[in-house]
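So this block is entry.txt, compact mmCIF, C-alpha atoms:
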```txt
# COMPACT_ATOMS: atom_id res chain seq x y z
CA MET A 1198 24.27 169.64 79.15
CA SER A 1199 20.59 170.04 78.81
CA THR A 1200 20.05 172.30 81.74
CA ASP A 1201 20.24 175.47 79.71
CA THR A 1202 16.51 175.86 79.19
CA PRO A 1203 15.69 179.28 77.87
CA THR A 1204 14.71 181.60 80.64
CA GLY A 1205 12.77 184.76 80.09
CA GLY A 1206 14.77 186.93 77.74
CA GLY A 1207 12.67 188.15 74.84
CA ASP A 1208 15.68 187.69 72.48
CA GLU A 1209 14.95 184.03 71.84
CA ALA A 1210 11.20 184.28 71.20
CA PRO A 1211 10.51 184.03 67.45
CA THR A 1212 9.14 187.12 65.80
CA ARG A 1213 5.73 187.20 64.22
CA ALA A 1214 7.33 187.16 60.77
CA GLU A 1215 9.41 184.10 61.65
CA LEU A 1216 6.31 182.29 62.86
CA ALA A 1217 4.41 183.22 59.72
CA ALA A 1218 7.27 181.91 57.60
CA ARG A 1219 7.34 178.71 59.63
CA VAL A 1220 3.59 178.19 59.24
CA GLU A 1221 3.87 178.68 55.51
CA GLU A 1222 6.71 176.17 55.33
CA LEU A 1223 4.65 173.59 57.26
CA GLU A 1224 1.60 174.17 55.07
CA GLU A 1225 3.69 173.55 51.99
CA SER A 1226 5.12 170.32 53.30
CA LEU A 1227 1.64 169.17 54.37
CA ALA A 1228 0.31 169.94 50.89
CA ALA A 1229 3.13 167.91 49.36
CA VAL A 1230 2.06 164.92 51.45
CA THR A 1231 -1.70 165.22 50.99
CA GLU A 1232 -1.68 166.21 47.32
CA ASP A 1233 -0.28 162.82 46.38
CA ASP A 1234 -2.00 162.14 43.08
CA SER A 1235 -0.38 158.76 42.48
CA PRO A 1236 -3.01 156.07 41.86
CA PRO A 1237 -4.35 153.95 44.71
CA LYS A 1238 -2.90 150.44 44.96
CA LEU A 1239 -4.35 146.96 45.45
CA SER A 1240 -2.21 143.98 46.37
CA ILE A 1241 -3.67 140.47 46.19
CA VAL A 1242 -2.02 137.19 47.10
CA ALA A 1243 -3.67 134.28 45.25
CA THR A 1244 -2.99 130.88 46.81
CA LYS A 1245 -5.80 128.65 45.51
CA GLY A 1246 -6.11 126.86 42.18
CA THR A 1247 -9.66 125.52 42.13
CA LEU A 1248 -12.09 126.91 39.56
CA ASP A 1249 -14.22 128.67 42.17
CA MET A 1250 -11.25 130.22 43.95
CA ALA A 1251 -9.62 131.44 40.74
CA TYR A 1252 -12.44 133.90 40.06
CA PRO A 1253 -12.36 136.26 43.07
CA PRO A 1254 -8.78 137.50 42.65
CA LEU A 1255 -9.23 138.00 38.91
CA ILE A 1256 -12.58 139.76 39.18
CA LEU A 1257 -11.30 142.07 41.92
CA ALA A 1258 -8.03 142.74 40.09
CA SER A 1259 -9.68 143.67 36.80
CA THR A 1260 -12.38 145.74 38.50
CA ALA A 1261 -9.84 147.63 40.61
CA ALA A 1262 -7.89 148.35 37.43
CA ALA A 1263 -11.10 149.83 35.99
CA PHE A 1264 -11.22 152.12 39.05
CA GLY A 1265 -7.72 153.30 38.20
CA TYR A 1266 -5.92 151.20 40.81
CA GLU A 1267 -2.41 149.94 40.28
CA VAL A 1268 -2.86 146.22 40.88
CA THR A 1269 -0.44 143.41 41.61
CA VAL A 1270 -1.51 139.81 42.12
CA PHE A 1271 1.14 137.55 43.62
CA HIS A 1272 0.39 133.91 42.76
CA THR A 1273 1.84 131.21 44.95
CA PHE A 1274 1.26 127.48 45.49
CA TRP A 1275 -1.93 126.35 43.72
CA GLY A 1276 -2.63 129.96 42.78
CA LEU A 1277 0.13 129.53 40.23
CA ASP A 1278 -2.18 127.33 38.14
CA ILE A 1279 -4.34 130.40 37.41
CA LEU A 1280 -1.42 131.88 35.46
CA HIS A 1281 -0.41 128.60 33.85
CA GLU A 1282 -1.69 128.85 30.28
CA GLU A 1283 -2.61 125.15 29.96
CA ARG A 1284 -3.70 124.42 33.51
CA SER A 1285 -5.78 127.61 33.81
CA LYS A 1286 -8.12 126.24 31.16
CA ASN A 1287 -8.66 123.02 33.14
CA LEU A 1288 -9.15 124.23 36.69
CA LYS A 1289 -11.33 121.85 38.70
CA LEU A 1290 -14.14 122.29 41.16
CA SER A 1291 -13.86 119.95 44.13
CA ALA A 1292 -16.90 117.78 44.83
CA VAL A 1293 -15.87 117.35 48.47
CA GLY A 1294 -15.26 119.78 51.29
CA ASN A 1295 -18.04 122.11 50.22
CA PRO A 1296 -21.34 121.57 52.06
CA ASN A 1297 -23.16 123.58 49.38
CA MET A 1298 -22.52 120.83 46.85
CA PRO A 1299 -25.63 118.89 45.86
CA VAL A 1300 -24.01 115.57 46.82
CA PRO A 1301 -22.80 114.39 50.25
CA ASN A 1302 -19.02 114.29 50.75
CA ILE A 1303 -19.02 110.49 50.77
CA VAL A 1304 -20.55 110.47 47.27
CA GLY A 1305 -18.38 113.38 46.16
CA ALA A 1306 -15.31 111.34 47.07
CA LEU A 1307 -16.16 108.68 44.46
CA PRO A 1308 -13.98 108.52 41.33
CA GLY A 1309 -15.04 110.95 38.61
CA MET A 1310 -17.09 113.23 40.85
CA ASP A 1311 -14.71 116.18 40.58
CA ARG A 1312 -14.92 115.88 36.81
CA MET A 1313 -18.70 115.90 36.99
CA THR A 1314 -19.00 118.94 39.29
CA THR A 1315 -16.41 120.77 37.18
CA ALA A 1316 -18.34 120.03 33.99
CA MET A 1317 -21.53 121.31 35.64
CA MET A 1318 -19.81 124.54 36.66
CA ASP A 1319 -18.19 124.98 33.24
CA LYS A 1320 -21.63 124.65 31.66
CA ARG A 1321 -23.10 127.23 34.03
CA ILE A 1322 -20.27 129.62 33.28
CA ALA A 1323 -20.90 129.24 29.54
CA ASP A 1324 -24.71 129.49 29.87
CA ASN A 1325 -24.49 132.55 32.08
CA ASP A 1326 -22.01 134.30 29.81
CA THR A 1327 -19.60 134.61 32.72
CA ALA A 1328 -16.09 135.44 31.54
CA THR A 1329 -13.70 132.48 31.49
CA ILE A 1330 -10.52 132.48 33.55
CA ALA A 1331 -8.45 132.95 30.37
CA GLU A 1332 -10.61 135.94 29.33
CA LEU A 1333 -10.25 137.57 32.74
CA ILE A 1334 -6.48 137.14 32.65
CA GLU A 1335 -6.18 138.63 29.16
CA THR A 1336 -8.48 141.53 30.11
CA SER A 1337 -6.57 142.19 33.32
CA LEU A 1338 -3.23 142.16 31.50
CA ASP A 1339 -4.65 144.61 28.93
CA MET A 1340 -5.66 146.89 31.79
CA GLY A 1341 -2.19 146.89 33.28
CA VAL A 1342 -2.65 144.40 36.14
CA GLU A 1343 0.70 142.91 37.12
CA PHE A 1344 0.53 139.16 37.64
CA GLN A 1345 3.48 137.77 39.54
CA ALA A 1346 4.39 134.08 39.67
CA CYS A 1347 6.24 133.11 42.84
CA GLN A 1348 9.64 131.78 41.80
CA MET A 1349 9.95 129.38 44.71
CA THR A 1350 6.64 127.68 43.84
CA ILE A 1351 7.48 127.60 40.11
CA GLU A 1352 10.47 125.47 41.02
CA LEU A 1353 8.61 123.46 43.64
CA MET A 1354 5.89 122.57 41.10
CA ASP A 1355 8.52 122.02 38.40
CA TYR A 1356 6.86 124.51 36.06
CA ASP A 1357 8.71 126.34 33.32
CA GLU A 1358 8.62 130.14 33.00
CA ASP A 1359 7.30 129.69 29.45
CA ASP A 1360 4.23 127.84 30.80
CA PHE A 1361 2.66 131.12 31.92
CA TYR A 1362 0.66 133.71 30.00
CA ASP A 1363 2.73 136.31 28.16
CA GLY A 1364 3.13 139.32 30.39
CA VAL A 1365 3.30 137.39 33.67
CA THR A 1366 6.22 138.46 35.87
CA THR A 1367 8.43 135.64 37.10
CA GLY A 1368 11.50 135.68 39.32
CA VAL A 1369 9.76 137.29 42.28
CA GLY A 1370 9.47 136.20 45.88
CA ALA A 1371 7.88 136.97 49.21
CA ALA A 1372 9.88 140.18 49.66
CA THR A 1373 8.33 141.61 46.50
CA ALA A 1374 4.88 140.69 47.78
CA ILE A 1375 5.55 142.29 51.17
CA GLN A 1376 6.80 145.44 49.47
CA ASP A 1377 3.65 145.62 47.34
CA MET A 1378 1.46 145.04 50.39
CA ALA A 1379 3.24 147.75 52.37
CA ASP A 1380 2.63 150.24 49.56
CA ALA A 1381 -0.96 149.19 48.92
CA ASP A 1382 -4.20 150.75 50.09
CA ILE A 1383 -5.92 147.34 50.01
CA GLN A 1384 -4.29 143.97 50.69
CA LEU A 1385 -6.09 140.67 50.18
CA LEU A 1386 -5.13 137.04 50.67
CA VAL A 1387 -7.30 134.74 48.56
CA MET B 61 -32.48 155.90 24.18
CA ASN B 62 -32.36 159.17 25.99
CA ALA B 63 -32.94 162.45 24.25
CA GLU B 64 -31.45 164.51 27.08
CA TYR B 65 -27.88 163.68 26.22
CA ASP B 66 -25.91 163.87 23.08
CA ILE B 67 -24.60 160.31 23.04
CA ALA B 68 -21.17 159.93 21.50
CA GLU B 69 -20.92 156.13 21.74
CA THR B 70 -23.14 153.22 22.70
CA LEU B 71 -21.65 150.17 24.38
CA ASP B 72 -23.73 147.02 24.18
CA VAL B 73 -22.85 144.60 26.99
CA LYS B 74 -26.18 142.81 27.03
CA GLY B 75 -25.67 139.23 28.23
CA ALA B 76 -22.32 139.93 29.87
CA SER B 77 -22.06 139.46 33.61
CA CYS B 78 -19.85 140.80 36.40
CA PRO B 79 -17.21 142.14 36.08
CA MET B 80 -17.37 142.72 32.31
CA PRO B 81 -19.99 145.54 32.17
CA VAL B 82 -17.80 147.73 34.41
CA ILE B 83 -14.55 146.72 32.69
CA GLU B 84 -15.91 147.41 29.22
CA THR B 85 -17.46 150.69 30.37
CA LYS B 86 -14.06 151.77 31.66
CA GLN B 87 -12.37 150.77 28.39
CA ALA B 88 -15.02 152.58 26.33
CA THR B 89 -14.73 155.81 28.36
CA ASP B 90 -10.96 155.73 27.79
CA ASP B 91 -11.69 156.27 24.11
CA LEU B 92 -14.01 159.25 24.67
CA ALA B 93 -13.03 162.91 24.56
CA ALA B 94 -13.73 165.09 27.60
CA GLY B 95 -17.40 166.03 27.75
CA GLU B 96 -18.62 163.13 25.63
CA VAL B 97 -21.34 160.81 26.89
CA LEU B 98 -21.27 157.01 26.72
CA GLU B 99 -24.47 155.00 26.74
CA VAL B 100 -24.10 151.50 28.22
CA LEU B 101 -26.78 148.89 27.62
CA ALA B 102 -26.66 145.92 30.00
CA THR B 103 -28.88 143.07 31.11
CA ASP B 104 -26.89 142.32 34.28
CA SER B 105 -28.96 143.71 37.17
CA GLY B 106 -25.76 144.06 39.19
CA SER B 107 -24.56 146.63 36.67
CA VAL B 108 -26.82 149.28 38.25
CA SER B 109 -24.94 149.28 41.54
CA ASP B 110 -21.58 148.42 39.96
CA ILE B 111 -21.48 151.16 37.33
CA ALA B 112 -22.74 153.72 39.88
CA GLY B 113 -20.00 152.64 42.32
CA TRP B 114 -17.37 152.64 39.61
CA ALA B 115 -18.34 156.13 38.40
CA ASP B 116 -18.36 157.42 41.97
CA GLY B 117 -14.93 156.00 42.76
CA THR B 118 -13.21 156.85 39.50
CA PRO B 119 -11.81 160.29 38.77
CA GLY B 120 -12.72 161.83 35.43
CA VAL B 121 -16.13 160.23 34.93
CA GLU B 122 -19.61 161.18 36.01
CA LEU B 123 -22.78 159.11 36.03
CA LEU B 124 -25.62 161.14 34.52
CA ASP B 125 -28.49 158.70 34.67
CA GLN B 126 -29.54 155.08 34.87
CA THR B 127 -32.77 153.79 33.39
CA ASP B 128 -34.46 150.40 33.40
CA ASP B 129 -37.06 149.32 30.87
CA GLY B 130 -37.60 145.96 32.54
CA ASP B 131 -35.11 144.02 30.40
CA VAL B 132 -32.28 146.38 29.69
CA PHE B 133 -30.49 148.72 32.07
CA ALA B 134 -29.17 151.84 30.37
CA HIS B 135 -26.38 153.85 31.96
CA TYR B 136 -25.19 157.28 30.86
CA VAL B 137 -21.62 158.16 31.74
CA ARG B 138 -19.90 161.43 30.88
CA LYS B 139 -16.16 161.75 30.66
CA THR B 140 -15.35 164.95 32.55
CA GLU B 141 -11.62 165.33 31.96
```
Full structure transcribed into structure tokens:
Amino acid sequence: MSTDTPTGGGDEAPTRAELAARVEELEESLAAVTEDDSPPKLSIVATKGTLDMAYPPLILASTAAAFGYEVTVFHTFWGLDILHEERSKNLKLSAVGNPNMPVPNIVGALPGMDRMTTAMMDKRIADNDTATIAELIETSLDMGVEFQACQMTIELMDYDEDDFYDGVTTGVGAATAIQDMADADIQLLV
Amino acid sequence: MNAEYDIAETLDVKGASCPMPVIETKQATDDLAAGEVLEVLATDSGSVSDIAGWADGTPGVELLDQTDDGDVFAHYVRKTE
């Protein structure tokens, strides 16, 4: 029964030495928690496969790695194309659906317009000395970024595991991504 | 050039744009010994804020100085540990 609350009786009060020992014990366990010197973590989920949307996850991943972060990028759906060695070199920029494009949507929808806007962007990337998608992937891999290719989407898209850059992790699913996100200091969906 | 520091290495990233100046600075500091100073020469104006932010958020490196001669931004980073 829980009715036996301590009443008076100096016997049960901890001594000063016991309290001091207890404080020391708590300080040690607090130090163990706060003196965690494991690196900070970034978890990105990359879902888009257009040229413009391939850049942000790669730039953030490689930069975070430069800050000493442990980085995982989980690629799913069209985001898988960023890791696909062939397709990553031919990512397209859509001429429609972006009001910042120099042509109205109705013109952008004409045949060949995506090819034209993509060629314009590719030229700008080259002229501006902006890293290519392939360069950013190689650099990120060198810096220890872990790229994960969602197994379910690999099968859905009928890709082969050999289609991806060397060093890409396959055979992972949503549970892996959730685990990474739970452990991470920063989580981003791109 | 900066006479105040004994520069161990110079990294030339002129022409390169975000995120490469920071990435290459990080890779170059990895090769330094503790105490050595890296000079980074960049033309990307974003490198001023980016390299300062990187040095501030990264253990083991310290930004000593940043200069700007109008065309080229020079950054001086010391590896501290």
Nearest to A:Met1340 by atom-to-atom distance, counting all atoms listed in the file, from B:Ile83, B:Val97, B:Ile111, B:Leu92: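 Ranked by minimum distance to A:Met1340, first place goes to B:Ile83.
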Kindly list the centre and edge lengths in Å, rounded to one decimal, for the axis-aligned box that covers all listed atoms of stretch 1339-1355 of chain A plus 8 Å on each of its six sides, as lines of an AutoDock Vina configuration file.
```
center_x = 2.4
center_y = 134.5
center_z = 36.8
size_x = 32.1
size_y = 40.9
size_z = 31.8
```
Best match for closeness to chain B among A:Thr1212, A:Asn1297, A:Thr1336, A:Thr1247, counting all atoms listed in the file: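 Result for the nearest residue to chain B: A:Thr1336.
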Minimum-distance residue to B:Glu84, chosen among A:Phe1264, A:Phe1271, A:Gln1384, A:Val1342 (using all atoms listed in the file):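 That would be A:Phe1264, the residue with the smallest distance to B:Glu84.
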Pull out every residue of chain A that has at least one atom within 8 Å of chain B, counting only C-alpha atoms, and report them as a list in words.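 The complete set of qualifying residues is Ile1256, Ser1259, Thr1260, Ala1263, Phe1264, Gly1265, Asn1325, Asp1326, Thr1327 and Ala1328 of chain A.
Using only C-alpha atoms, the shortest contact distance between B:Ser109 and any of B:Gly95, B:Ala88, B:Gly130, B:His135 is found at B:His135.
As for atom CA of A:Leu1333 and atom CA of B:Asp72, they are spaced 18.6 Å apart.
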Suppose you want the space between atom CA of A:Asp1363 and atom CA of A:Gly1276; what is it in Å?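 Separation of atom CA of A:Asp1363 and atom CA of A:Gly1276: 16.8 Å.
Atom CA of A:Ile1375 to atom CA of A:Phe1344 spans 14.8 Å [interatomic distance, one decimal].
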Proximity to A:Leu1280 - best of A:Gln1345, A:Asn1302, A:Thr1373, A:Thr1350, only C-alpha atoms: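 Looking only at the distances to A:Leu1280, the closest residue turns out to be A:Gln1345.
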Got a sec: who's within 10 Å of A:Ser1291, counting all atoms listed in the file, leaving out chain neighbours fewer than 5 positions off, as an MDAnalysis selection string? chainID A and resid 1247:1249 1298 1305:1306 1310:1315
Who sits within 12 Å of A:Tyr1356, all atoms listed in the file, same chain under 5 positions skipped, as a PDB file with C-alpha atoms, in the coordinates of the input:
```
ATOM      1  CA  PHE A1274       1.260 127.480  45.490  1.00  0.00           C
ATOM      2  CA  TRP A1275      -1.930 126.350  43.720  1.00  0.00           C
ATOM      3  CA  LEU A1277       0.130 129.530  40.230  1.00  0.00           C
ATOM      4  CA  ASP A1278      -2.180 127.330  38.140  1.00  0.00           C
ATOM      5  CA  LEU A1280      -1.420 131.880  35.460  1.00  0.00           C
ATOM      6  CA  HIS A1281      -0.410 128.600  33.850  1.00  0.00           C
ATOM      7  CA  GLU A1282      -1.690 128.850  30.280  1.00  0.00           C
ATOM      8  CA  GLU A1283      -2.610 125.150  29.960  1.00  0.00           C
ATOM      9  CA  ARG A1284      -3.700 124.420  33.510  1.00  0.00           C
ATOM     10  CA  ALA A1346       4.390 134.080  39.670  1.00  0.00           C
ATOM     11  CA  CYS A1347       6.240 133.110  42.840  1.00  0.00           C
ATOM     12  CA  GLN A1348       9.640 131.780  41.800  1.00  0.00           C
ATOM     13  CA  MET A1349       9.950 129.380  44.710  1.00  0.00           C
ATOM     14  CA  THR A1350       6.640 127.680  43.840  1.00  0.00           C
ATOM     15  CA  ILE A1351       7.480 127.600  40.110  1.00  0.00           C
ATOM     16  CA  PHE A1361       2.660 131.120  31.920  1.00  0.00           C
ATOM     17  CA  THR A1367       8.430 135.640  37.100  1.00  0.00           C
TER      18      THR A1367
END
```
Env of B:Thr89: 10 Å cut, atoms = all atoms listed in the file, seq-sep filter 5 positions within chain, self excluded. Answer as a ChimeraX atom specification. /B:69,71,84,94,96-99,120-121,137-139
Which of A:Ala1228, A:Ala1374, A:Val1387, A:Ala1379 sits closest to A:Leu1255 [using all atoms listed in the file]: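 Counting all atoms listed in the file, the residue closest to A:Leu1255 is A:Val1387.
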